[in-house]
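Peer 1: Before anything else, here's the structure in question.
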Amino acid sequence: MAYIGLAYPTIAKLDPATNTYSNGFRMGKAVSVNITTNYNEANLTGDNVIAETVKEFRNGTIDLGITTIPIEAYSTVFGHTVTPGEDGTLIIDKTDDVPNYVGVGLLKEEMIDGEKSYIAMWIYKVLFTESGESATTKGETVSFQTPTITGTIMALDNKQWRERKIFKKEEDAIKYLNEKANIPPEA
């Protein structure tokens, strides 16, 4: 398998009581993603060798690089107060803001033997925090600077933490992610 693309970062607020999603939106455009999984491990030694071993999913980390953080993310993802106004939108960060659990969708493009396929991935439960901010002034050259947000991946009560579905057409994969995030179809 060879991955040749990443697109369509999608976020939706999770209701942990019902495992349903609302307020879905695109989280800018995808720049990069790094998903790391962590496991609890234990070995049982008997007769001087490992007799049994167990490895169970504990949690994970997702670093999502995006082109921009949309306005709706500040309230839906990070729990900040967002107030639109005629002259601009005010975002207030408070020390007691509580981020929301969200579902995260991504679209990876894959090529096998010259055939493209599209892998829609949905991570059921993530709690994001804002990373620090940095910016660089323009010098003799201009360079783009993009945000990365970091989240902790958790399993639902039914022990599921991610699903992936492979499509032959990109538009079918996007439709699938929109349905997972409860984003209505465009008219």
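Ligands are numbered from 1 in the order shown, chains are lettered A, B, ... in the order of the structure tokens, and residues start at 1 in each chain.
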Counting only C-alpha atoms, which residues of stretch 65-125 of chain A sit at most 12 Å from some atom of stretch 44-61 of chain A, and what is each one's closest atom pair with its distance in Å to one decimal, listed by chain and rising residue number, as a Markdown table?

Peer 2:
| residue | atom | partner | partner_atom | distance |
| --- | --- | --- | --- | --- |
| A:Ile123 | CA | A:Gly60 | CA | 10.4 |
| A:Tyr124 | CA | A:Gly60 | CA | 11.8 |
| A:Lys125 | CA | A:Asn59 | CA | 10.2 |

Peer 1: Keeping only N, CA, C and O atoms, write the selected residues as a compact mmCIF listing (two decimals), in the first residue's frame.

Peer 2:
# COMPACT_ATOMS: atom_id res chain seq x y z
N ILE A 123 -12.56 8.44 13.81
CA ILE A 123 -12.11 8.19 15.18
C ILE A 123 -13.24 8.65 16.08
O ILE A 123 -13.63 9.82 16.05
N TYR A 124 -13.77 7.74 16.88
CA TYR A 124 -15.01 7.98 17.60
C TYR A 124 -14.95 9.05 18.69
O TYR A 124 -15.89 9.81 18.86
N LYS A 125 -13.86 9.07 19.46
CA LYS A 125 -13.85 9.95 20.64
C LYS A 125 -12.46 10.55 20.84
O LYS A 125 -11.51 9.84 21.14

Peer 1: For the interface of stretch 98-133 of chain A with stretch 19-29 of chain A (cut-off 12 Å, counting only C-alpha atoms), please tabulate each contacting residue of stretch 98-133 of chain A alongside its nearest pair of atoms and their separation in Å to one decimal, rows sorted by chain and increasing number, as CSV.

Peer 2:
residue,atom,partner,partner_atom,distance
A:Asn100,CA,A:Tyr21,CA,11.5
A:Tyr101,CA,A:Tyr21,CA,9.8
A:Val102,CA,A:Tyr21,CA,7.8
A:Gly103,CA,A:Tyr21,CA,7.3
A:Val104,CA,A:Met27,CA,9.4
A:Gly105,CA,A:Arg26,CA,9.1
A:Leu106,CA,A:Arg26,CA,9.9
A:Leu107,CA,A:Lys29,CA,11.0
A:Trp122,CA,A:Tyr21,CA,11.7
A:Ile123,CA,A:Tyr21,CA,11.9
A:Tyr124,CA,A:Asn19,CA,8.4
A:Lys125,CA,A:Asn19,CA,9.0

Peer 1: Any chance you can output those residues with all heavy atoms as an mmCIF file, in the first residue's frame?

Peer 2:
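Dumped everything to part_25.cif:
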data_model
loop_
_atom_site.group_PDB
_atom_site.id
_atom_site.type_symbol
_atom_site.label_atom_id
_atom_site.label_comp_id
_atom_site.auth_asym_id
_atom_site.auth_seq_id
_atom_site.Cartn_x
_atom_site.Cartn_y
_atom_site.Cartn_z
ATOM 1 N N ASN A 100 -14.837 19.851 24.390
ATOM 2 C CA ASN A 100 -15.852 18.824 24.149
ATOM 3 C C ASN A 100 -15.226 17.597 23.507
ATOM 4 O O ASN A 100 -14.259 17.695 22.755
ATOM 5 C CB ASN A 100 -16.929 19.376 23.206
ATOM 6 C CG ASN A 100 -17.716 20.495 23.824
ATOM 7 O OD1 ASN A 100 -18.358 20.319 24.846
ATOM 8 N ND2 ASN A 100 -17.670 21.670 23.219
ATOM 9 N N TYR A 101 -15.816 16.449 23.789
ATOM 10 C CA TYR A 101 -15.444 15.243 23.061
ATOM 11 C C TYR A 101 -15.957 15.390 21.632
ATOM 12 O O TYR A 101 -17.070 15.870 21.405
ATOM 13 C CB TYR A 101 -16.067 14.000 23.688
ATOM 14 C CG TYR A 101 -15.505 13.659 25.041
ATOM 15 C CD1 TYR A 101 -16.297 13.750 26.179
ATOM 16 C CD2 TYR A 101 -14.186 13.244 25.187
ATOM 17 C CE1 TYR A 101 -15.793 13.437 27.431
ATOM 18 C CE2 TYR A 101 -13.669 12.926 26.420
ATOM 19 C CZ TYR A 101 -14.479 13.026 27.543
ATOM 20 O OH TYR A 101 -13.972 12.717 28.771
ATOM 21 N N VAL A 102 -15.143 14.990 20.676
ATOM 22 C CA VAL A 102 -15.527 15.077 19.269
ATOM 23 C C VAL A 102 -15.168 13.788 18.550
ATOM 24 O O VAL A 102 -14.320 13.016 19.004
ATOM 25 C CB VAL A 102 -14.839 16.269 18.559
ATOM 26 C CG1 VAL A 102 -15.312 17.593 19.128
ATOM 27 C CG2 VAL A 102 -13.324 16.165 18.604
ATOM 28 N N GLY A 103 -15.827 13.582 17.415
ATOM 29 C CA GLY A 103 -15.424 12.557 16.469
ATOM 30 C C GLY A 103 -14.584 13.228 15.395
ATOM 31 O O GLY A 103 -14.811 14.403 15.076
ATOM 32 N N VAL A 104 -13.621 12.507 14.843
ATOM 33 C CA VAL A 104 -12.715 13.068 13.843
ATOM 34 C C VAL A 104 -12.701 12.160 12.622
ATOM 35 O O VAL A 104 -12.497 10.952 12.746
ATOM 36 C CB VAL A 104 -11.275 13.194 14.401
ATOM 37 C CG1 VAL A 104 -10.335 13.727 13.339
ATOM 38 C CG2 VAL A 104 -11.253 14.062 15.641
ATOM 39 N N GLY A 105 -12.907 12.771 11.460
ATOM 40 C CA GLY A 105 -12.864 12.025 10.212
ATOM 41 C C GLY A 105 -11.751 12.521 9.315
ATOM 42 O O GLY A 105 -11.436 13.710 9.307
ATOM 43 N N LEU A 106 -11.155 11.609 8.571
ATOM 44 C CA LEU A 106 -10.097 11.931 7.611
ATOM 45 C C LEU A 106 -10.255 11.050 6.382
ATOM 46 O O LEU A 106 -10.828 9.960 6.453
ATOM 47 C CB LEU A 106 -8.713 11.679 8.223
ATOM 48 C CG LEU A 106 -8.322 12.575 9.381
ATOM 49 C CD1 LEU A 106 -7.164 11.977 10.149
ATOM 50 C CD2 LEU A 106 -7.980 13.963 8.871
ATOM 51 N N LEU A 107 -9.716 11.524 5.278
ATOM 52 C CA LEU A 107 -9.761 10.783 4.030
ATOM 53 C C LEU A 107 -8.336 10.589 3.534
ATOM 54 O O LEU A 107 -7.623 11.556 3.281
ATOM 55 C CB LEU A 107 -10.574 11.576 2.997
ATOM 56 C CG LEU A 107 -10.664 11.007 1.593
ATOM 57 C CD1 LEU A 107 -11.299 9.630 1.592
ATOM 58 C CD2 LEU A 107 -11.466 11.954 0.717
ATOM 59 N N TRP A 122 -12.841 7.204 10.662
ATOM 60 C CA TRP A 122 -13.585 7.931 11.682
ATOM 61 C C TRP A 122 -13.069 7.487 13.044
ATOM 62 O O TRP A 122 -13.109 6.301 13.372
ATOM 63 C CB TRP A 122 -15.085 7.670 11.578
ATOM 64 C CG TRP A 122 -15.866 8.530 12.508
ATOM 65 C CD1 TRP A 122 -16.410 8.165 13.698
ATOM 66 C CD2 TRP A 122 -16.170 9.921 12.337
ATOM 67 N NE1 TRP A 122 -17.038 9.247 14.273
ATOM 68 C CE2 TRP A 122 -16.910 10.333 13.463
ATOM 69 C CE3 TRP A 122 -15.881 10.846 11.346
ATOM 70 C CZ2 TRP A 122 -17.368 11.644 13.614
ATOM 71 C CZ3 TRP A 122 -16.338 12.151 11.497
ATOM 72 C CH2 TRP A 122 -17.071 12.524 12.619
ATOM 73 N N ILE A 123 -12.555 8.445 13.808
ATOM 74 C CA ILE A 123 -12.108 8.189 15.179
ATOM 75 C C ILE A 123 -13.238 8.655 16.081
ATOM 76 O O ILE A 123 -13.626 9.825 16.053
ATOM 77 C CB ILE A 123 -10.787 8.915 15.481
ATOM 78 C CG1 ILE A 123 -9.721 8.465 14.486
ATOM 79 C CG2 ILE A 123 -10.353 8.649 16.920
ATOM 80 C CD1 ILE A 123 -8.439 9.255 14.542
ATOM 81 N N TYR A 124 -13.770 7.742 16.882
ATOM 82 C CA TYR A 124 -15.013 7.976 17.598
ATOM 83 C C TYR A 124 -14.947 9.046 18.690
ATOM 84 O O TYR A 124 -15.891 9.806 18.863
ATOM 85 C CB TYR A 124 -15.500 6.682 18.256
ATOM 86 C CG TYR A 124 -15.874 5.594 17.296
ATOM 87 C CD1 TYR A 124 -15.128 4.430 17.207
ATOM 88 C CD2 TYR A 124 -16.992 5.717 16.478
ATOM 89 C CE1 TYR A 124 -15.477 3.417 16.337
ATOM 90 C CE2 TYR A 124 -17.350 4.710 15.604
ATOM 91 C CZ TYR A 124 -16.594 3.555 15.541
ATOM 92 O OH TYR A 124 -16.940 2.566 14.684
ATOM 93 N N LYS A 125 -13.860 9.075 19.458
ATOM 94 C CA LYS A 125 -13.855 9.946 20.638
ATOM 95 C C LYS A 125 -12.463 10.549 20.841
ATOM 96 O O LYS A 125 -11.506 9.838 21.142
ATOM 97 C CB LYS A 125 -14.257 9.137 21.876
ATOM 98 C CG LYS A 125 -14.432 9.949 23.131
ATOM 99 C CD LYS A 125 -14.905 9.046 24.277
ATOM 100 C CE LYS A 125 -15.130 9.806 25.550
ATOM 101 N NZ LYS A 125 -15.565 8.906 26.644
#

Peer 1: Kindly assemble as JSON lines a list of the stretch 125-146 of chain A residues that lie within 12 Å of stretch 79-82 of chain A, each paired with its nearest atom pair and their distance in Å to one decimal, using only C-alpha atoms, sorted first by chain and then by ascending residue number.

Peer 2:
{"residue": "A:Leu127", "atom": "CA", "partner": "A:Gly79", "partner_atom": "CA", "distance": 10.9}
{"residue": "A:Phe128", "atom": "CA", "partner": "A:Gly79", "partner_atom": "CA", "distance": 10.2}
{"residue": "A:Thr129", "atom": "CA", "partner": "A:Gly79", "partner_atom": "CA", "distance": 9.9}
{"residue": "A:Glu130", "atom": "CA", "partner": "A:Gly79", "partner_atom": "CA", "distance": 10.8}

Peer 1: Just the residues within 6 Å of A:Gly65, please, counting only C-alpha atoms, with nothing from its chain fewer than 6 positions along; format it as a list in words.

Peer 2: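 That gives Val31, Ser32, Val33, Pro147 and Thr148 of chain A.
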
Peer 1: Mind dumping the selected residues with N, CA, C and O atoms as an mmCIF file, in the first residue's frame?

Peer 2:
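Wrote it out as selection.cif, contents follow:
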data_model
loop_
_atom_site.group_PDB
_atom_site.id
_atom_site.type_symbol
_atom_site.label_atom_id
_atom_site.label_comp_id
_atom_site.auth_asym_id
_atom_site.auth_seq_id
_atom_site.Cartn_x
_atom_site.Cartn_y
_atom_site.Cartn_z
ATOM 1 N N VAL A 31 -3.221 19.152 6.347
ATOM 2 C CA VAL A 31 -1.806 19.329 6.046
ATOM 3 C C VAL A 31 -1.054 18.053 6.413
ATOM 4 O O VAL A 31 -0.262 17.532 5.639
ATOM 5 N N SER A 32 -1.337 17.522 7.617
ATOM 6 C CA SER A 32 -0.658 16.307 8.081
ATOM 7 C C SER A 32 -1.464 15.676 9.205
ATOM 8 O O SER A 32 -2.288 16.330 9.841
ATOM 9 N N VAL A 33 -1.213 14.417 9.451
ATOM 10 C CA VAL A 33 -1.784 13.741 10.613
ATOM 11 C C VAL A 33 -0.778 12.716 11.111
ATOM 12 O O VAL A 33 -0.055 12.090 10.324
ATOM 13 N N PRO A 147 -1.518 25.753 11.781
ATOM 14 C CA PRO A 147 -1.707 25.239 13.131
ATOM 15 C C PRO A 147 -1.760 23.713 13.169
ATOM 16 O O PRO A 147 -2.133 23.062 12.194
ATOM 17 N N THR A 148 -1.383 23.184 14.319
ATOM 18 C CA THR A 148 -1.546 21.769 14.615
ATOM 19 C C THR A 148 -2.266 21.672 15.947
ATOM 20 O O THR A 148 -1.908 22.375 16.896
#

Peer 1: Which of these residues is nearest to A:Thr150, using only C-alpha atoms: A:Asn40, A:Thr10, A:Ser134, A:Asn34?

Peer 2: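 The shortest atom-to-atom distance to A:Thr150 comes from A:Asn34.
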
Peer 1: Could you work out how far atom CA of A:Ala135 lies from atom CA of A:Ile92, giving the answer in Å with one decimal?

Peer 2: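 Spanning atom CA of A:Ile92 to atom CA of A:Ala135 is a straight-line distance of 20.1 Å.
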
Peer 1: DSSP says alpha helix (DSSP H) for which residues of stretch 8-183 of chain A? Put them as a PyMOL selection string?

Peer 2: chain A and resi 71-76+170-180

Peer 1: Could those selected residues go to a file with all heavy atoms, as a compact mmCIF listing (two decimals), in the first residue's frame?

Peer 2:
# COMPACT_ATOMS: atom_id res chain seq x y z
N ILE A 71 -13.80 29.16 12.85
CA ILE A 71 -14.43 29.83 14.00
C ILE A 71 -15.24 28.84 14.84
O ILE A 71 -15.15 28.85 16.07
CB ILE A 71 -15.33 31.00 13.53
CG1 ILE A 71 -14.50 32.09 12.84
CG2 ILE A 71 -16.14 31.57 14.68
CD1 ILE A 71 -13.56 32.85 13.72
N GLU A 72 -16.03 27.96 14.20
CA GLU A 72 -16.88 27.04 14.96
C GLU A 72 -16.08 26.07 15.81
O GLU A 72 -16.59 25.54 16.80
CB GLU A 72 -17.87 26.31 14.05
CG GLU A 72 -17.24 25.48 12.95
CD GLU A 72 -17.22 26.19 11.62
OE1 GLU A 72 -16.72 27.33 11.54
OE2 GLU A 72 -17.70 25.61 10.64
N ALA A 73 -14.82 25.86 15.50
CA ALA A 73 -14.00 24.94 16.29
C ALA A 73 -13.73 25.50 17.69
O ALA A 73 -13.60 24.74 18.65
CB ALA A 73 -12.68 24.67 15.59
N TYR A 74 -13.66 26.81 17.82
CA TYR A 74 -13.35 27.39 19.13
C TYR A 74 -14.41 27.06 20.17
O TYR A 74 -14.08 26.83 21.33
CB TYR A 74 -13.12 28.90 18.99
CG TYR A 74 -11.84 29.21 18.28
CD1 TYR A 74 -11.84 29.57 16.93
CD2 TYR A 74 -10.61 29.09 18.92
CE1 TYR A 74 -10.65 29.82 16.26
CE2 TYR A 74 -9.42 29.35 18.26
CZ TYR A 74 -9.45 29.71 16.92
OH TYR A 74 -8.27 29.94 16.26
N SER A 75 -15.67 26.98 19.76
CA SER A 75 -16.71 26.60 20.72
C SER A 75 -16.95 25.09 20.71
O SER A 75 -16.97 24.45 21.76
CB SER A 75 -18.01 27.36 20.44
OG SER A 75 -18.46 27.10 19.13
N THR A 76 -17.11 24.50 19.52
CA THR A 76 -17.45 23.08 19.42
C THR A 76 -16.33 22.19 19.93
O THR A 76 -16.59 21.20 20.62
CB THR A 76 -17.78 22.71 17.95
OG1 THR A 76 -18.87 23.52 17.51
CG2 THR A 76 -18.15 21.25 17.82
N GLU A 170 -13.86 8.88 -4.53
CA GLU A 170 -13.63 9.88 -3.49
C GLU A 170 -14.93 10.49 -2.99
O GLU A 170 -15.11 10.68 -1.78
CB GLU A 170 -12.70 10.97 -4.02
CG GLU A 170 -12.35 12.02 -2.99
CD GLU A 170 -11.40 13.07 -3.53
OE1 GLU A 170 -11.46 13.37 -4.75
OE2 GLU A 170 -10.60 13.59 -2.75
N GLU A 171 -15.87 10.77 -3.88
CA GLU A 171 -17.12 11.40 -3.46
C GLU A 171 -17.93 10.51 -2.53
O GLU A 171 -18.64 11.00 -1.64
CB GLU A 171 -17.96 11.86 -4.65
CG GLU A 171 -18.33 10.78 -5.64
CD GLU A 171 -17.37 10.64 -6.81
OE1 GLU A 171 -16.22 11.13 -6.74
OE2 GLU A 171 -17.75 10.01 -7.80
N ASP A 172 -17.82 9.18 -2.67
CA ASP A 172 -18.51 8.27 -1.76
C ASP A 172 -17.88 8.31 -0.37
O ASP A 172 -18.58 8.25 0.65
CB ASP A 172 -18.49 6.84 -2.30
CG ASP A 172 -19.35 6.69 -3.56
OD1 ASP A 172 -20.26 7.52 -3.78
OD2 ASP A 172 -19.10 5.73 -4.31
N ALA A 173 -16.56 8.42 -0.32
CA ALA A 173 -15.86 8.52 0.97
C ALA A 173 -16.21 9.82 1.68
O ALA A 173 -16.44 9.84 2.90
CB ALA A 173 -14.35 8.40 0.76
N ILE A 174 -16.30 10.91 0.93
CA ILE A 174 -16.67 12.21 1.52
C ILE A 174 -18.11 12.16 2.04
O ILE A 174 -18.40 12.64 3.14
CB ILE A 174 -16.47 13.34 0.50
CG1 ILE A 174 -14.98 13.56 0.27
CG2 ILE A 174 -17.15 14.63 0.96
CD1 ILE A 174 -14.64 14.50 -0.87
N LYS A 175 -18.99 11.56 1.27
CA LYS A 175 -20.39 11.42 1.71
C LYS A 175 -20.47 10.63 3.01
O LYS A 175 -21.21 10.98 3.93
CB LYS A 175 -21.20 10.72 0.61
CG LYS A 175 -22.66 10.52 0.96
CD LYS A 175 -23.40 9.82 -0.16
CE LYS A 175 -24.83 9.53 0.29
NZ LYS A 175 -25.51 8.62 -0.61
N TYR A 176 -19.68 9.58 3.10
CA TYR A 176 -19.64 8.75 4.31
C TYR A 176 -19.19 9.57 5.53
O TYR A 176 -19.80 9.51 6.59
CB TYR A 176 -18.69 7.58 4.05
CG TYR A 176 -18.42 6.70 5.21
CD1 TYR A 176 -19.31 5.71 5.59
CD2 TYR A 176 -17.24 6.84 5.96
CE1 TYR A 176 -19.06 4.88 6.66
CE2 TYR A 176 -16.98 6.02 7.03
CZ TYR A 176 -17.89 5.03 7.38
OH TYR A 176 -17.63 4.22 8.44
N LEU A 177 -18.11 10.38 5.35
CA LEU A 177 -17.63 11.20 6.47
C LEU A 177 -18.67 12.25 6.87
O LEU A 177 -18.88 12.50 8.06
CB LEU A 177 -16.31 11.88 6.10
CG LEU A 177 -15.10 10.95 6.02
CD1 LEU A 177 -13.88 11.72 5.50
CD2 LEU A 177 -14.81 10.29 7.35
N ASN A 178 -19.34 12.84 5.88
CA ASN A 178 -20.39 13.81 6.19
C ASN A 178 -21.54 13.18 6.97
O ASN A 178 -22.09 13.78 7.89
CB ASN A 178 -20.93 14.46 4.92
CG ASN A 178 -19.96 15.47 4.34
OD1 ASN A 178 -19.07 15.96 5.02
ND2 ASN A 178 -20.12 15.76 3.06
N GLU A 179 -21.89 11.95 6.61
CA GLU A 179 -22.95 11.24 7.33
C GLU A 179 -22.51 10.93 8.77
O GLU A 179 -23.30 11.09 9.70
CB GLU A 179 -23.33 9.95 6.60
CG GLU A 179 -24.11 10.20 5.34
CD GLU A 179 -24.31 8.95 4.48
OE1 GLU A 179 -23.79 7.86 4.84
OE2 GLU A 179 -24.98 9.08 3.43
N LYS A 180 -21.25 10.51 8.95
CA LYS A 180 -20.75 10.23 10.31
C LYS A 180 -20.81 11.50 11.17
O LYS A 180 -21.14 11.43 12.35
CB LYS A 180 -19.31 9.72 10.26
CG LYS A 180 -19.11 8.39 9.59
CD LYS A 180 -19.84 7.25 10.23
CE LYS A 180 -19.30 6.85 11.56
NZ LYS A 180 -20.01 5.72 12.16

Peer 1: I need the residue nearest A:Pro99 from this list: A:Val126, A:Gly114, A:Leu64, A:Lys169. Use only C-alpha atoms for the distance.

Peer 2: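 Among the listed residues, the smallest separation from A:Pro99 belongs to A:Val126.
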
Peer 1: Point out the residue among A:Glu110, A:Asp87, A:Asp97, A:Glu41 with the least atom-to-atom distance to A:Gly5, counting only C-alpha atoms.

Peer 2: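 Among the listed residues, the smallest separation from A:Gly5 belongs to A:Glu110.
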
Peer 1: When you draw a straight line from atom CA of A:Gln160 to atom CA of A:Ala7, how long is it in Å?

Peer 2: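 Separation between atom CA of A:Gln160 and atom CA of A:Ala7: 23.2 Å.
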